[in-house]
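Heads up, work_35.txt below (compact mmCIF, C-alpha atoms):
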```
# COMPACT_ATOMS: atom_id res chain seq x y z
CA MET U 21 -21.20 10.24 29.04
CA ASP U 22 -17.81 11.89 29.55
CA VAL U 23 -14.88 9.92 30.93
CA THR U 24 -13.70 11.02 34.38
CA ILE U 25 -10.43 10.31 36.18
CA LYS U 26 -9.53 10.57 39.88
CA GLY U 27 -5.92 11.61 39.46
CA SER U 28 -3.65 13.11 36.83
CA VAL U 29 -2.25 10.90 34.05
CA GLY U 30 0.96 11.54 32.12
CA ALA U 31 4.16 13.43 32.84
CA ASN U 32 4.60 13.87 36.62
CA GLY U 33 1.08 12.55 37.18
CA LYS U 34 -0.27 10.13 39.78
CA ASN U 35 -0.81 7.61 36.96
CA GLY U 36 -3.26 5.30 38.66
CA ARG U 37 -3.71 2.22 36.51
CA ALA U 38 -7.49 2.58 36.15
CA ASP U 39 -7.18 6.26 35.20
CA THR U 40 -4.33 5.53 32.79
CA ARG U 41 -6.38 2.87 31.01
CA LYS U 42 -9.22 5.37 30.56
CA VAL U 43 -6.88 7.92 29.00
CA GLN U 44 -5.25 5.28 26.78
CA LYS U 45 -8.68 4.23 25.49
CA LEU U 46 -9.55 7.85 24.68
CA LEU U 47 -6.27 8.34 22.84
CA ASN U 48 -6.78 5.13 20.86
CA ALA U 49 -10.23 6.33 19.80
CA ILE U 50 -8.67 9.53 18.47
CA PHE U 51 -5.57 7.93 16.91
CA PRO U 52 -6.81 4.52 15.70
CA SER U 53 -4.03 4.04 13.16
CA THR U 54 -1.34 3.64 15.87
CA LEU U 55 -2.84 2.05 18.96
CA LEU U 56 -1.40 2.16 22.46
CA SER U 57 -1.50 -0.89 24.69
CA VAL U 58 -4.38 -0.33 27.13
CA ASP U 59 -2.38 -1.74 30.05
CA GLY U 60 -2.61 1.00 32.67
CA ASP U 61 1.13 1.64 32.42
CA CYS U 62 1.83 5.31 31.69
CA GLY U 63 5.09 5.00 29.80
CA SER U 64 6.79 7.30 27.34
CA LYS U 65 4.50 6.27 24.46
CA THR U 66 1.41 7.34 26.38
CA VAL U 67 3.01 10.64 27.40
CA LYS U 68 4.08 11.35 23.81
CA ARG U 69 0.59 10.53 22.57
CA ILE U 70 -0.91 12.98 25.08
CA GLU U 71 1.52 15.63 23.84
CA ARG U 72 0.59 14.85 20.24
CA PHE U 73 -3.06 15.41 21.04
CA GLN U 74 -2.35 18.60 23.00
CA ARG U 75 -0.60 20.13 19.99
CA ARG U 76 -4.04 20.40 18.43
CA PHE U 77 -4.95 23.20 20.81
CA THR U 78 -1.78 24.49 22.52
CA THR U 79 1.80 25.33 21.59
CA LYS U 80 3.00 24.23 25.03
CA PRO U 81 1.97 20.59 25.54
CA ASP U 82 2.84 19.26 28.98
CA GLY U 83 2.00 15.59 28.37
CA ARG U 84 -0.45 15.38 31.26
CA VAL U 85 -4.19 14.91 31.64
CA ASP U 86 -5.68 16.37 34.83
CA PRO U 87 -9.14 15.69 36.33
CA ASP U 88 -11.49 18.41 35.05
CA GLY U 89 -8.56 19.92 33.14
CA ARG U 90 -8.58 21.33 29.62
CA THR U 91 -6.94 18.27 28.04
CA LEU U 92 -9.49 15.83 29.48
CA LYS U 93 -12.34 18.02 28.25
CA LYS U 94 -10.77 18.13 24.79
CA LEU U 95 -10.28 14.36 24.80
CA ASN U 96 -13.91 13.77 25.71
CA SER U 97 -15.16 16.11 23.00
CA ALA U 98 -12.87 14.66 20.33
CA ALA U 99 -13.03 10.92 21.02
CA PRO U 100 -15.19 9.12 18.41
CA GLY U 101 -18.19 7.40 19.93
CA LEU U 102 -18.20 9.95 22.74
CA GLN U 103 -18.52 13.09 20.68
CA LYS U 104 -21.99 13.98 19.46
CA ASP U 105 -21.01 15.81 16.30
CA TRP U 106 -20.67 13.59 13.24
CA SER U 107 -22.10 16.35 11.07
CA GLY U 108 -20.51 18.26 8.23
CA ASP U 109 -18.93 17.06 5.02
CA SER U 110 -17.44 13.68 5.94
CA SER U 111 -15.16 13.80 2.90
CA ARG U 112 -13.38 16.70 4.62
CA TRP U 113 -12.88 15.00 7.96
CA THR U 114 -9.34 14.22 9.08
CA GLU U 115 -7.89 10.84 8.13
CA GLU U 116 -8.09 9.81 11.78
CA LYS U 117 -11.76 10.71 12.04
CA LYS U 118 -12.54 8.87 8.80
CA LEU U 119 -10.79 5.76 10.13
CA SER U 120 -12.68 6.03 13.40
CA SER U 121 -16.00 6.08 11.52
CA LEU U 122 -15.32 2.55 10.22
CA ASP U 123 -16.33 -0.68 11.90
CA LYS U 124 -13.30 -1.77 13.95
CA ARG U 125 -12.86 -4.93 11.85
CA MET U 126 -12.84 -2.88 8.66
CA ARG U 127 -10.55 -0.26 10.19
CA GLY U 128 -7.59 -2.58 10.72
CA LYS U 129 -7.81 -3.89 7.17
CA VAL U 130 -7.93 -0.37 5.72
CA ILE U 131 -4.92 0.71 7.79
CA ARG U 132 -2.93 -2.18 6.32
CA VAL U 133 -4.10 -1.36 2.78
CA LEU U 134 -2.93 2.25 3.24
CA SER U 135 0.44 1.00 4.48
CA THR U 136 0.81 -1.25 1.43
CA LEU U 137 0.01 1.61 -0.93
CA LYS U 138 2.53 3.89 0.79
CA ALA U 139 5.19 1.18 0.59
CA GLU U 140 4.57 1.01 -3.17
CA GLY U 141 5.30 4.73 -3.49
CA PHE U 142 1.71 6.00 -3.71
CA LYS U 143 0.12 8.80 -1.70
CA PRO U 144 -3.19 7.27 -0.60
CA LYS U 145 -5.99 9.29 0.86
CA ILE U 146 -9.34 8.15 2.22
CA PHE U 147 -11.92 10.20 0.35
CA PHE U 148 -14.99 8.66 1.99
CA ALA U 149 -15.33 6.26 4.89
CA TRP U 150 -18.70 6.79 6.58
CA ARG U 151 -21.19 9.12 4.98
CA SER U 152 -24.77 9.91 5.87
CA VAL U 153 -27.82 8.53 4.10
CA ALA U 154 -28.63 12.10 3.06
CA VAL U 155 -25.29 12.37 1.24
CA GLN U 156 -25.90 8.93 -0.28
CA LEU U 157 -29.19 10.15 -1.75
CA GLU U 158 -27.41 13.19 -3.21
CA ILE U 159 -24.94 10.85 -4.93
CA VAL U 160 -27.83 8.82 -6.33
CA ALA U 161 -29.48 11.99 -7.60
CA LYS U 162 -26.28 12.89 -9.46
CA GLY U 163 -26.27 9.47 -11.12
CA ASN U 164 -23.07 8.31 -9.43
CA SER U 165 -24.74 5.43 -7.60
CA LYS U 166 -27.92 3.36 -7.89
CA VAL U 167 -28.19 2.31 -4.24
CA ARG U 168 -30.04 4.47 -1.73
CA PHE U 169 -28.29 2.77 1.17
CA SER U 170 -24.68 1.60 0.94
CA PHE U 171 -22.10 0.04 3.22
CA HIS U 172 -20.74 3.58 3.66
CA ASN U 173 -23.95 4.47 5.54
CA ALA U 174 -23.83 1.69 8.14
CA GLN U 175 -24.21 2.81 11.73
CA LYS U 176 -24.79 1.49 15.22
CA LYS U 177 -28.30 1.61 16.63
CA ASN U 178 -27.38 4.77 18.57
CA GLY U 179 -26.53 6.55 15.32
CA THR U 180 -22.74 6.32 15.71
CA PRO U 181 -21.01 5.77 12.34
CA ASN U 182 -19.94 2.15 11.76
CA ALA U 183 -19.13 2.04 8.05
CA TYR U 184 -18.16 -1.11 6.18
CA ALA U 185 -16.84 0.67 3.09
CA VAL U 186 -14.13 3.09 2.11
CA ASP U 187 -13.09 4.98 -1.02
CA ILE U 188 -9.32 5.43 -1.37
CA ILE U 189 -7.63 7.65 -3.96
CA ASP U 190 -4.10 8.88 -4.60
CA LYS U 191 -3.85 12.54 -3.53
CA ARG U 192 -2.15 13.47 -6.80
CA TRP U 193 -4.61 11.95 -9.25
CA ALA U 194 -7.98 11.30 -7.57
CA TRP U 195 -10.16 9.64 -10.24
CA SER U 196 -8.23 10.97 -13.24
CA ASP U 197 -6.75 8.72 -15.92
CA LYS U 198 -3.34 9.06 -14.28
CA ALA U 199 -4.50 6.81 -11.42
CA GLU U 200 -4.96 3.96 -13.89
CA GLU U 201 -1.88 4.84 -15.93
CA ASN U 202 0.30 4.67 -12.83
CA GLY U 203 -1.20 1.41 -11.63
CA PHE U 204 -2.84 2.78 -8.49
CA TRP U 205 -6.18 1.01 -8.96
CA ASP U 206 -4.53 -2.35 -9.58
CA VAL U 207 -2.43 -2.10 -6.42
CA LEU U 208 -5.43 -0.90 -4.41
CA GLY U 209 -7.52 -3.83 -5.62
CA LYS U 210 -4.82 -6.40 -4.89
CA ALA U 211 -4.11 -4.95 -1.44
CA GLY U 212 -7.81 -4.87 -0.56
CA LYS U 213 -8.44 -8.43 -1.70
CA ALA U 214 -5.37 -9.62 0.21
CA GLU U 215 -7.20 -8.38 3.31
CA GLY U 216 -10.36 -10.24 2.32
CA LEU U 217 -12.17 -7.09 1.19
CA TYR U 218 -14.38 -6.74 -1.88
CA TRP U 219 -13.17 -4.33 -4.58
CA GLY U 220 -15.46 -2.19 -6.73
CA GLY U 221 -13.08 -2.61 -9.64
CA ASP U 222 -14.29 -6.21 -9.98
CA TRP U 223 -17.93 -5.24 -10.50
CA ARG U 224 -19.35 -5.96 -13.94
CA SER U 225 -22.07 -3.35 -14.28
CA PHE U 226 -20.18 -0.41 -12.78
CA LYS U 227 -16.48 -0.07 -12.02
CA ASP U 228 -16.05 1.69 -8.68
CA TRP U 229 -12.25 1.75 -8.73
CA ALA U 230 -11.66 3.50 -5.39
CA HIS U 231 -14.12 1.38 -3.44
CA LEU U 232 -13.43 -1.39 -0.90
CA GLN U 233 -16.06 -3.00 1.32
CA PHE U 234 -16.15 -5.56 4.12
CA PHE U 235 -19.18 -7.60 3.01
CA PRO U 236 -20.40 -8.90 -0.36
CA ASN U 237 -23.31 -6.97 -1.88
CA ASN U 238 -25.87 -9.60 -0.87
CA LYS U 239 -25.35 -8.61 2.79
CA LEU U 240 -26.43 -5.01 2.24
CA SER U 241 -30.04 -5.50 3.39
CA ASP U 242 -28.80 -7.20 6.58
CA VAL U 243 -26.49 -4.28 7.37
CA LYS U 244 -29.29 -1.80 6.70
CA ARG U 245 -31.51 -3.65 9.16
CA GLU U 246 -28.75 -3.84 11.77
CA SER U 247 -28.25 -0.09 11.34
CA GLY U 248 -31.89 0.49 12.26
CA LEU U 249 -32.58 2.01 8.85
CA ALA U 250 -34.60 -0.77 7.24
```

File written out as structure tokens:
Amino acid sequence: MDVTIKGSVGANGKNGRADTRKVQKLLNAIFPSTLLSVDGDCGSKTVKRIERFQRRFTTKPDGRVDPDGRTLKKLNSAAPGLQKDWSGDSSRWTEEKKLSSLDKRMRGKVIRVLSTLKAEGFKPKIFFAWRSVAVQLEIVAKGNSKVRFSFHNAQKKNGTPNAYAVDIIDKRWAWSDKAEENGFWDVLGKAGKAEGLYWGGDWRSFKDWAHLQFFPNNKLSDVKRESGLA
């Protein structure tokens, strides 16, 4: 169901506290890596965030969200959990959309891992966060995985993505030997484990260097059941 507001929010808006909180929540769903305080106070950060979103579809952002206006419609269609379309190649989604497809507990940890990698001079990129079971089966068919359901495939009962796994690469090297030569996998593993995540580089039977997950492997059947896919 789309979010509605009674008055305008943003630059020169009425900025009712209840309406402002609704807009702040929508913006946080779209930009989960830098969250606004959902306090009902329409300050400069909220206005700038509205402008940032508007630049996706106009060259003249005005920093305001009006009832039944174009910006509110765009917010409702873009906000994860509200939008219906999680189709397409999820490896090609924007970084923000990939982050939003993660369970919120996993999301914060991944954001901090990305920050650590950037601070070390790397250029990290999320290759996969959530992916569909259909894509998972394609990966199995290619021999790149043995599991027909993974933590990448986790979802809420309503079908909304809620992944507990992420694959992170360096934009320059992907899975090439240069990633290992330049120490990317080691830093990724250490950063992930510092956040309490499990790293595929520690696995004995198969080294999944780019992979981090929230739960140990023995919780996979529980997550599948919670996802309504058991």

| message | If we count all atoms listed in the file and set the cut-off at 9 Å, which residues sit around Glu71 (chain U), ignoring sequence neighbours fewer than 6 positions away in its own chain? Please answer as a ChimeraX atom specification. | response | /U:80-84

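CA of Leu217 (chain U) to CA of Leu232 (chain U) spans 6.2 Å [interatomic distance, one decimal].
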
| said: As an exercise, work out the distance from CA of Ala149 (chain U) to CA of Arg75 (chain U) in Å and give it to one decimal place. | reply: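 Those two atoms sit 25.2 Å apart.
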
| task | Name the residues in contact with Val67 (chain U) at a cut-off of 6 Å, using all atoms listed in the file, excluding same-chain residues fewer than 3 positions from it; report them as a PyMOL selection string. | result | chain U and resi 30+64+70+83

With C-alpha atoms kept, could you save the residues just selected as a PDB file, keeping the file's coordinate frame?
```pdb
ATOM      1  CA  GLY U  30       0.960  11.540  32.120  1.00  0.00           C
ATOM      2  CA  SER U  64       6.790   7.300  27.340  1.00  0.00           C
ATOM      3  CA  ILE U  70      -0.910  12.980  25.080  1.00  0.00           C
ATOM      4  CA  GLY U  83       2.000  15.590  28.370  1.00  0.00           C
TER       5      GLY U  83
END
```

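Residue nearest Val155 (chain U) within the list U:Val167, U:Ala49, U:Leu208, U:Leu95: U:Val167 [criterion: smallest interatomic distance, all atoms listed in the file].
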
| task | Mind giving me the straight-line distance from CA of Val243 (chain U) to CA of Asn173 (chain U) in Å, one decimal? | result |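 So the answer is 9.3 Å.
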
Write out as a short mmCIF file (atom, residue, chain, number, x, y, z; two decimals) with C-alpha atoms, keeping the file's coordinate frame each polymer residue whose atoms come within 7 Å of region 177-192 of chain U, counting all atoms listed in the file; drop sequence neighbours fewer than 4 positions from it.
```cif
data_model
loop_
_atom_site.label_atom_id
_atom_site.label_comp_id
_atom_site.auth_asym_id
_atom_site.auth_seq_id
_atom_site.Cartn_x
_atom_site.Cartn_y
_atom_site.Cartn_z
CA GLY U 101 -18.19 7.40 19.93
CA SER U 121 -16.00 6.08 11.52
CA LEU U 122 -15.32 2.55 10.22
CA ASP U 123 -16.33 -0.68 11.90
CA MET U 126 -12.84 -2.88 8.66
CA PHE U 142 1.71 6.00 -3.71
CA LYS U 143 0.12 8.80 -1.70
CA PRO U 144 -3.19 7.27 -0.60
CA LYS U 145 -5.99 9.29 0.86
CA ILE U 146 -9.34 8.15 2.22
CA PHE U 147 -11.92 10.20 0.35
CA PHE U 148 -14.99 8.66 1.99
CA ALA U 149 -15.33 6.26 4.89
CA TRP U 150 -18.70 6.79 6.58
CA PHE U 171 -22.10 0.04 3.22
CA HIS U 172 -20.74 3.58 3.66
CA ASN U 173 -23.95 4.47 5.54
CA ALA U 230 -11.66 3.50 -5.39
CA HIS U 231 -14.12 1.38 -3.44
CA LEU U 232 -13.43 -1.39 -0.90
CA GLN U 233 -16.06 -3.00 1.32
CA PHE U 234 -16.15 -5.56 4.12
CA SER U 247 -28.25 -0.09 11.34
CA GLY U 248 -31.89 0.49 12.26
#
```

| Leu119 (chain U) surroundings by all atoms listed in the file, 7 Å radius, close-in-sequence under 4 positions cut, as number ranges by chain | U: 52, 115, 127, 149

| request: Check the smallest atom-to-atom distance from each of U:Arg72, U:Thr24, U:Leu92, U:Ser152 to Ser107 (chain U) using all atoms listed in the file, then report the winner. | output: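 That would be U:Ser152, the residue with the smallest distance to Ser107 (chain U).
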
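Between Asn238 (chain U) and the residues U:Trp113, U:Phe77, U:Phe226, U:Tyr218, the shortest atom-to-atom distance, using only C-alpha atoms, involves U:Tyr218.
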
| task | Name all residues at most 8 Å from Gln44 (chain U) (count all atoms listed in the file; drop same-chain ones fewer than 3 positions away) and give them as a PyMOL selection string. | result | chain U and resi 40-41+47-48+56-58+60+66
